[in-house]
Each structure stands twice: as C-alpha cells, then as structure tokens.
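Heads up, start-v5.tsv below (TSV, C-alpha atoms):
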chain	number	residue	atom	x	y	z
A	81	MET	CA	151.34	215.16	183.61
A	82	GLY	CA	150.67	212.21	181.33
A	83	LYS	CA	147.40	210.51	180.44
A	84	LEU	CA	145.78	207.08	180.56
A	85	PHE	CA	143.96	205.80	177.48
A	86	ILE	CA	141.64	202.81	177.75
A	87	VAL	CA	141.79	201.18	174.31
A	88	PRO	CA	139.28	198.51	173.23
A	89	THR	CA	140.60	195.76	170.95
A	90	PRO	CA	138.67	193.35	168.71
A	91	VAL	CA	136.80	190.47	170.33
A	92	GLY	CA	137.31	188.44	167.16
A	93	ASN	CA	137.57	190.11	163.77
A	94	LEU	CA	140.72	192.24	163.54
A	95	GLU	CA	138.88	194.68	161.24
A	96	ASP	CA	136.94	195.90	164.29
A	97	MET	CA	139.98	197.88	165.43
A	98	THR	CA	139.32	201.61	165.04
A	99	LEU	CA	141.67	204.02	163.29
A	100	ARG	CA	141.90	206.10	166.44
A	101	ALA	CA	142.81	203.10	168.58
A	102	ILE	CA	145.63	202.26	166.17
A	103	ARG	CA	146.95	205.83	166.37
A	104	ILE	CA	146.86	205.89	170.17
A	105	LEU	CA	148.76	202.61	170.40
A	106	LYS	CA	151.41	203.98	168.05
A	107	GLU	CA	151.79	207.24	169.96
A	108	ALA	CA	151.69	205.95	173.55
A	109	ASP	CA	154.86	205.81	175.61
A	110	LEU	CA	153.80	202.45	177.05
A	111	ILE	CA	151.18	199.81	176.22
A	112	LEU	CA	149.85	197.76	179.12
A	113	ALA	CA	148.78	194.34	177.86
A	114	GLU	CA	146.89	191.56	179.60
A	115	ASP	CA	148.94	189.03	177.59
A	116	THR	CA	151.87	190.48	175.64
A	117	ARG	CA	151.78	187.54	173.20
A	118	THR	CA	148.14	188.15	172.27
A	119	THR	CA	148.62	191.91	172.02
A	120	GLY	CA	151.88	191.36	170.16
A	121	PHE	CA	149.96	189.59	167.40
A	122	LEU	CA	147.57	192.55	167.13
A	123	LEU	CA	150.40	195.08	167.08
A	124	LYS	CA	152.26	193.14	164.40
A	125	HIS	CA	149.13	193.01	162.25
A	126	TYR	CA	148.87	196.81	162.34
A	127	GLU	CA	152.63	197.39	162.16
A	128	ILE	CA	152.74	198.99	165.62
A	129	ARG	CA	156.16	198.89	167.22
A	130	ASN	CA	155.94	200.08	170.77
A	131	LYS	CA	156.98	199.21	174.29
A	132	MET	CA	154.74	196.74	176.11
A	133	GLN	CA	154.38	195.71	179.74
A	134	SER	CA	152.27	192.97	181.29
A	135	HIS	CA	149.26	194.13	183.29
A	136	HIS	CA	146.88	191.37	184.31
A	137	LYS	CA	144.79	190.17	187.26
A	138	PHE	CA	147.74	188.37	188.83
A	139	ASN	CA	150.05	191.39	189.03
A	140	GLU	CA	147.86	194.50	188.82
A	141	HIS	CA	147.81	195.06	192.60
A	142	LYS	CA	151.61	195.15	192.58
A	143	THR	CA	152.13	197.25	189.46
A	144	VAL	CA	149.34	199.82	189.63
A	145	GLU	CA	151.26	202.29	191.80
A	146	ALA	CA	154.38	202.24	189.58
A	147	ILE	CA	152.27	202.75	186.46
A	148	THR	CA	150.45	205.66	188.10
A	149	GLN	CA	153.79	207.25	188.87
A	150	LYS	CA	154.83	206.92	185.22
A	151	ALA	CA	151.71	208.83	184.20
A	152	LEU	CA	152.38	211.47	186.86
A	153	ALA	CA	155.86	211.85	185.40
A	154	GLY	CA	154.39	212.68	181.99
A	155	GLU	CA	154.07	209.36	180.17
A	156	THR	CA	151.09	208.50	178.01
A	157	ILE	CA	149.83	205.04	178.95
A	158	ALA	CA	147.55	202.87	176.80
A	159	LEU	CA	145.75	199.99	178.49
A	160	VAL	CA	144.44	197.06	176.44
A	161	SER	CA	143.07	193.63	177.31
A	162	ASP	CA	143.19	190.45	175.24
A	163	ALA	CA	139.84	191.32	173.68
A	164	GLY	CA	137.16	193.95	174.14
A	165	THR	CA	137.12	196.95	176.45
A	166	PRO	CA	139.47	196.84	179.48
A	167	GLY	CA	137.62	196.88	182.79
A	168	ILE	CA	134.63	194.91	181.47
A	169	SER	CA	135.32	191.55	183.18
A	170	ASP	CA	139.02	192.28	182.54
A	171	PRO	CA	141.77	194.16	184.42
A	172	GLY	CA	141.46	197.93	184.41
A	173	PHE	CA	139.38	199.09	187.35
A	174	LEU	CA	142.29	199.32	189.82
A	175	LEU	CA	144.43	201.39	187.48
A	176	VAL	CA	141.59	203.71	186.52
A	177	ARG	CA	140.75	204.29	190.19
A	178	SER	CA	144.40	204.96	191.01
A	179	CYS	CA	144.69	207.50	188.19
A	180	VAL	CA	141.42	209.17	189.21
A	181	ASN	CA	142.73	209.55	192.77
A	182	ALA	CA	146.02	210.96	191.45
A	183	GLY	CA	144.27	213.52	189.24
A	184	ILE	CA	145.52	211.95	186.01
A	185	GLU	CA	143.39	212.48	182.90
A	186	ILE	CA	141.68	209.34	181.64
A	187	GLU	CA	140.07	208.75	178.28
A	188	CYS	CA	138.22	205.59	177.28
A	189	LEU	CA	137.90	205.09	173.53
A	190	PRO	CA	134.64	203.63	172.18
A	191	GLY	CA	135.04	200.23	170.66
A	192	ALA	CA	134.46	196.50	170.79
A	193	THR	CA	132.86	194.71	173.70
A	194	ALA	CA	131.16	191.32	173.54
A	195	PHE	CA	127.94	191.93	175.43
A	196	VAL	CA	126.52	194.71	173.22
A	197	PRO	CA	126.09	192.68	170.00
A	198	ALA	CA	124.84	189.69	172.02
A	199	LEU	CA	122.27	191.87	173.75
A	200	VAL	CA	121.06	193.47	170.51
A	201	ASN	CA	120.94	190.07	168.75
A	202	SER	CA	118.81	188.55	171.51
A	203	GLY	CA	115.60	190.23	170.42
A	204	PHE	CA	114.75	190.96	174.06
A	205	PRO	CA	113.95	194.47	175.37
A	206	ILE	CA	117.18	196.43	175.77
A	207	ASP	CA	115.96	199.87	176.77
A	208	ARG	CA	117.00	198.73	180.26
A	209	PHE	CA	119.29	195.80	181.02
A	210	CYS	CA	121.47	194.31	183.75
A	211	PHE	CA	125.10	193.28	183.16
A	212	GLU	CA	126.23	190.52	185.53
A	213	GLY	CA	129.50	189.47	183.92
A	214	PHE	CA	130.69	186.09	185.22
A	215	LEU	CA	128.61	184.42	187.92
A	216	PRO	CA	130.35	183.22	191.10
A	217	ILE	CA	131.85	179.80	190.37
A	218	LYS	CA	130.88	178.23	193.71
A	219	LYS	CA	130.00	180.31	196.77
A	220	GLY	CA	127.02	182.59	196.19
A	221	ARG	CA	126.16	181.18	192.75
A	222	LYS	CA	122.73	179.80	193.68
A	223	THR	CA	121.84	182.96	195.59
A	224	ARG	CA	122.79	185.14	192.62
A	225	LEU	CA	120.65	183.08	190.25
A	226	GLU	CA	117.71	183.30	192.64
A	227	GLU	CA	118.08	187.08	192.65
A	228	LEU	CA	118.19	187.19	188.84
A	229	ALA	CA	115.08	185.02	188.56
A	230	GLY	CA	112.92	188.01	189.41
A	231	GLU	CA	114.91	190.57	187.43
A	232	THR	CA	112.54	192.52	185.17
A	233	ARG	CA	115.31	193.73	182.87
A	234	SER	CA	117.17	191.66	180.29
A	235	VAL	CA	120.23	190.11	181.97
A	236	VAL	CA	123.66	189.65	180.37
A	237	ILE	CA	125.97	186.92	181.69
A	238	TYR	CA	129.41	185.80	180.49
A	239	GLU	CA	130.11	182.08	180.68
A	240	SER	CA	132.87	179.59	179.94
A	241	PRO	CA	132.15	176.83	177.40
A	242	TYR	CA	133.01	174.36	180.17
A	243	ARG	CA	130.19	175.61	182.42
A	244	VAL	CA	127.50	176.75	180.01
A	245	LEU	CA	125.40	173.56	180.23
A	246	LYS	CA	125.68	173.50	184.02
A	247	THR	CA	124.61	177.15	184.19
A	248	LEU	CA	121.57	176.58	181.96
A	249	THR	CA	120.54	173.58	184.06
A	250	GLN	CA	120.82	175.59	187.28
A	251	MET	CA	118.81	178.43	185.72
A	252	ALA	CA	116.05	176.02	184.71
A	253	GLU	CA	115.88	174.58	188.22
A	254	ILE	CA	115.48	178.04	189.73
A	255	MET	CA	113.62	179.99	187.03
A	256	GLY	CA	111.64	177.28	185.26
A	257	ASP	CA	112.57	175.63	182.00
A	258	ASP	CA	110.26	177.84	179.93
A	259	ARG	CA	112.25	181.05	180.61
A	260	GLU	CA	113.37	182.55	177.30
A	261	ILE	CA	117.08	182.89	176.66
A	262	SER	CA	119.53	183.85	173.89
A	263	ILE	CA	123.10	182.62	173.66
A	264	SER	CA	125.74	184.14	171.39
A	265	ARG	CA	129.17	182.65	170.86
A	266	GLU	CA	132.29	183.50	168.86
A	267	ILE	CA	131.07	187.07	168.32
A	268	SER	CA	132.50	188.65	165.14
A	269	LYS	CA	134.46	185.46	164.36
A	270	LEU	CA	134.02	183.05	161.45
A	271	HIS	CA	131.69	180.71	163.33
A	272	GLU	CA	129.61	183.35	165.11
A	273	GLN	CA	126.24	182.01	166.15
A	274	THR	CA	123.22	183.12	168.16
A	275	ILE	CA	120.71	180.54	169.39
A	276	ARG	CA	117.38	181.55	170.92
A	277	GLY	CA	114.75	179.53	172.72
A	278	SER	CA	113.57	178.36	176.13
A	279	LEU	CA	115.98	177.06	178.76
A	280	LYS	CA	114.62	173.58	178.10
A	281	GLU	CA	115.35	173.86	174.38
A	282	LEU	CA	118.86	175.21	174.84
A	283	ILE	CA	119.71	172.60	177.46
A	284	SER	CA	118.71	169.97	174.92
A	285	HIS	CA	120.83	171.65	172.25
A	286	PHE	CA	124.00	171.90	174.34
A	287	SER	CA	123.52	168.39	175.69
A	288	ALA	CA	123.75	167.12	172.12
A	289	ASN	CA	126.36	169.58	170.78
A	290	GLU	CA	129.85	170.38	172.00
A	291	SER	CA	130.25	173.83	173.56
A	292	LYS	CA	133.01	175.80	171.86
A	293	GLY	CA	134.05	179.43	171.97
A	294	GLU	CA	133.27	182.30	174.31
A	295	PHE	CA	129.63	182.56	175.40
A	296	VAL	CA	127.37	185.50	176.19
A	297	ILE	CA	124.05	184.51	177.75
A	298	VAL	CA	121.12	186.93	177.59
A	299	LEU	CA	118.22	186.10	179.87
A	300	ALA	CA	114.78	187.46	179.02
A	301	PRO	CA	113.14	189.78	181.56
A	302	GLY	CA	111.09	188.14	184.28
A	303	GLN	CA	107.39	188.81	184.65
A	304	GLN	CA	106.51	192.45	185.15
A	305	LYS	CA	104.37	193.26	188.17
A	306	THR	CA	103.64	196.77	186.93
A	307	GLY	CA	104.54	198.97	183.99
A	308	ARG	CA	104.12	198.69	180.26
A	309	GLN	CA	103.50	195.00	179.72
A	310	GLU	CA	103.39	195.25	175.94
A	311	ASP	CA	106.91	196.68	175.80
A	312	ARG	CA	108.25	193.59	177.60
A	313	LYS	CA	106.68	190.89	175.49
A	314	ILE	CA	109.22	188.90	173.52
A	315	GLY	CA	106.77	186.95	171.40
A	316	ARG	CA	105.26	183.51	171.64
A	317	PRO	CA	107.47	180.53	170.67
A	318	GLU	CA	105.29	179.86	167.63
A	319	ASP	CA	105.91	183.41	166.37
A	320	ARG	CA	109.69	183.00	166.21
A	321	LYS	CA	111.40	181.78	163.07
A	322	ARG	CA	112.56	178.22	163.70
A	323	GLU	CA	114.98	175.81	162.16
A	324	ASP	CA	114.99	172.35	163.77
A	325	GLY	CA	113.50	173.87	166.89
A	326	PHE	CA	115.87	176.82	167.11
A	327	ALA	CA	116.18	180.28	165.67
A	328	PHE	CA	119.69	180.86	164.33
A	329	LYS	CA	121.29	184.15	163.44
This structure in structure tokens:
Amino acid sequence: MGKLFIVPTPVGNLEDMTLRAIRILKEADLILAEDTRTTGFLLKHYEIRNKMQSHHKFNEHKTVEAITQKALAGETIALVSDAGTPGISDPGFLLVRSCVNAGIEIECLPGATAFVPALVNSGFPIDRFCFEGFLPIKKGRKTRLEELAGETRSVVIYESPYRVLKTLTQMAEIMGDDREISISREISKLHEQTIRGSLKELISHFSANESKGEFVIVLAPGQQKTGRQEDRKIGRPEDRKREDGFAFK
C-alpha cells in the first residue's frame, strides 16, 4: 500500500520551503497540485522534476476515488496547494477522509500556513483561539458575525482584498467600532505589513488606502464574563506604539 503526504508550500517567500518537503516532492510517484502552473514554478525553482496532476475544488469530488485507488495500488502521493498547508481553506479534506476510510497511511508535514504568523503578530491572547477561515459571502454572513461578536477567544478570519473594507464595516456595525483588530497582509513577502487598531481606525485606513494582497484578520477577544481577566487584556490604545495613528510591524 502507498501513502499520502500533505506537503505545505510557502505562502510567499520561497525560502520557507523545508528540506523535507523538497525531498518528499522529489520522491513521490505523483504530485497533486491545486494549480499546476503555480506548483510548476515552485518545482522548477527547486529543480524537482516529477509527475503532476490537477487537484482543486472544481474537480476533487470526481478525482478523489481514482487517487485513492492509486495509493491503494502502492503509489506515494504528495498533495500541495498553491500556498500554505493543504486542507486549511484549500482542497485536501475530501482526499484525506477518503484515504482514512481506505486505511491508507497519511502524513502531514509541518510547514507554512498564513494564519499562524498573523495570529502571533496580532499581540492578542493566543493561548486559545478560533479559526473561522473565509466568512460566508452572502447567506449566513450577518449571523456568523453576530456569533463571533461574543467570542471570548481571538478569532482568525481570511478575507479577500476586494471585501476587506466591507467586512470591517459590517464588524463595526455588529460589534462596535472600538473592537480591537489586527490585519496582516502579504505574509512573508516583500511588502508584508501588520496594522493594529480599533475597527474605526482600520476602516479609516482602508478607506484611504488601496487594499492589496492576501489578508488575515485577527479579532481581539470579546469581553470575558468570567475567568482570568488580566490574561485577556490587550492594552489601552494609548499604551500601543503608534505611527500616524497606527502600529505597524
């Protein structure tokens, strides 16, 4: 019987690729790529010449059974996404579940994922946190935000640059414009930036500045009803280092 490897790839800087990930991609019988052109660039950079096959959200329901059969027949399969760890807001879950049900060994390599550096950079409590991924685009969006308004853990949300201002505005309407927030974009890339402040401040910033890159929003915990209050304090606005009203990384 073969094996399925889940292989994280860089979210920006190509140097974030691990030595082990490079070896696995060289040794695998087949690499499943979300976009073969994007993965092809990565493979060329590391001089990896191997067979690739498309595996993305538009075809994974149709291809998962055939791929599982390849692993059952003894092939070693390596799954990658365009960036980060497969399965985290990317294709991967269906194939992993299929392999689990078939008794195929699965190994996920540690590696890059966007939300971890954004969460750590936020300065909010991260001993406990909630990962939401992408919010519903239309149906259920308001309800989800209302649920998150009372969340007492830090909350991680992925967002498109085209919707980030709309999302912040909706959050302010539901949670109040003084709720603390941290936004990271272009993680590990040349123009990486983290901006921290209240929803009101960040709405003002993104109203005046074009939104570019991939965004990770980290929402500060809501008010604690019980528990260790001191552990949840994120500091008063006047205590944070500011530059033109914002704290930049």
Give me the residues near range 165-176 of chain A as a ChimeraX atom specification, where near means some atom within 6 Å (using only C-alpha atoms) and where sequence neighbours in that chain fewer than 5 positions away do not count. /A:88,136-137,144,160,193
Export C-alpha atoms of the chosen residues as a tab-separated table (two decimals), in the coordinates of the input?
chain	number	residue	atom	x	y	z
A	88	PRO	CA	139.28	198.51	173.23
A	136	HIS	CA	146.88	191.37	184.31
A	137	LYS	CA	144.79	190.17	187.26
A	144	VAL	CA	149.34	199.82	189.63
A	160	VAL	CA	144.44	197.06	176.44
A	193	THR	CA	132.86	194.71	173.70
Given the point (112.5, 173.7, 176.2) in the coordinates of this file, which residues lie within 10 Å, counting only C-alpha atoms, and how would they look as a short mmCIF file (atom, residue, chain, number, x, y, z; two decimals) with C-alpha atoms, in the coordinates of the input?
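Written file, point26.cif:
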data_model
loop_
_atom_site.label_atom_id
_atom_site.label_comp_id
_atom_site.auth_asym_id
_atom_site.auth_seq_id
_atom_site.Cartn_x
_atom_site.Cartn_y
_atom_site.Cartn_z
CA ALA A 252 116.05 176.02 184.71
CA GLY A 256 111.64 177.28 185.26
CA ASP A 257 112.57 175.63 182.00
CA ASP A 258 110.26 177.84 179.93
CA ARG A 259 112.25 181.05 180.61
CA GLU A 260 113.37 182.55 177.30
CA GLY A 277 114.75 179.53 172.72
CA SER A 278 113.57 178.36 176.13
CA LEU A 279 115.98 177.06 178.76
CA LYS A 280 114.62 173.58 178.10
CA GLU A 281 115.35 173.86 174.38
CA LEU A 282 118.86 175.21 174.84
CA ILE A 283 119.71 172.60 177.46
CA SER A 284 118.71 169.97 174.92
CA HIS A 285 120.83 171.65 172.25
CA GLY A 325 113.50 173.87 166.89
#
What is the CA of Glu290 in chain A to CA of Phe211 in chain A distance in Å?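 For CA of Glu290 in chain A relative to CA of Phe211 in chain A, the distance reads 25.9 Å.
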With only C-alpha atoms as the counted atoms, please give the residues lying no more than 10 Å from Ala300 in chain A, apart from itself and same-chain residues fewer than 4 positions off, as a list in words.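 Counting only C-alpha atoms, the residues come to Ser202, Gly203, Phe204, Pro205, Ile206, Phe209, Ala229, Glu231, Thr232, Arg233, Ser234, Val235, Val236, Arg259, Glu260, Ile261, Ser262, Ser278, Arg312, Lys313 and Ile314 of chain A.
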Put those residues in a file: C-alpha atoms, as a PDB file, in the frame of the given file.
ATOM      1  CA  SER A 202     118.810 188.550 171.510  1.00  0.00           C
ATOM      2  CA  GLY A 203     115.600 190.230 170.420  1.00  0.00           C
ATOM      3  CA  PHE A 204     114.750 190.960 174.060  1.00  0.00           C
ATOM      4  CA  PRO A 205     113.950 194.470 175.370  1.00  0.00           C
ATOM      5  CA  ILE A 206     117.180 196.430 175.770  1.00  0.00           C
ATOM      6  CA  PHE A 209     119.290 195.800 181.020  1.00  0.00           C
ATOM      7  CA  ALA A 229     115.080 185.020 188.560  1.00  0.00           C
ATOM      8  CA  GLU A 231     114.910 190.570 187.430  1.00  0.00           C
ATOM      9  CA  THR A 232     112.540 192.520 185.170  1.00  0.00           C
ATOM     10  CA  ARG A 233     115.310 193.730 182.870  1.00  0.00           C
ATOM     11  CA  SER A 234     117.170 191.660 180.290  1.00  0.00           C
ATOM     12  CA  VAL A 235     120.230 190.110 181.970  1.00  0.00           C
ATOM     13  CA  VAL A 236     123.660 189.650 180.370  1.00  0.00           C
ATOM     14  CA  ARG A 259     112.250 181.050 180.610  1.00  0.00           C
ATOM     15  CA  GLU A 260     113.370 182.550 177.300  1.00  0.00           C
ATOM     16  CA  ILE A 261     117.080 182.890 176.660  1.00  0.00           C
ATOM     17  CA  SER A 262     119.530 183.850 173.890  1.00  0.00           C
ATOM     18  CA  SER A 278     113.570 178.360 176.130  1.00  0.00           C
ATOM     19  CA  ARG A 312     108.250 193.590 177.600  1.00  0.00           C
ATOM     20  CA  LYS A 313     106.680 190.890 175.490  1.00  0.00           C
ATOM     21  CA  ILE A 314     109.220 188.900 173.520  1.00  0.00           C
TER      22      ILE A 314
END
State, in Å with one decimal place, the distance from CA of Ile102 in chain A to CA of Tyr126 in chain A.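 Going from CA of Ile102 in chain A over to CA of Tyr126 in chain A, I get 7.4 Å.
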Ile237 in chain A: which residues within 10 Å, counting all atoms listed in the file, same-chain residues fewer than 6 positions away excluded, as a compact mmCIF listing (two decimals) with C-alpha atoms, in the coordinates of the input?
# COMPACT_ATOMS: atom_id res chain seq x y z
CA PHE A 195 127.94 191.93 175.43
CA CYS A 210 121.47 194.31 183.75
CA PHE A 211 125.10 193.28 183.16
CA GLU A 212 126.23 190.52 185.53
CA GLY A 213 129.50 189.47 183.92
CA PHE A 214 130.69 186.09 185.22
CA LEU A 215 128.61 184.42 187.92
CA ILE A 263 123.10 182.62 173.66
CA PHE A 295 129.63 182.56 175.40
CA VAL A 296 127.37 185.50 176.19
CA ILE A 297 124.05 184.51 177.75
CA VAL A 298 121.12 186.93 177.59
CA LEU A 299 118.22 186.10 179.87
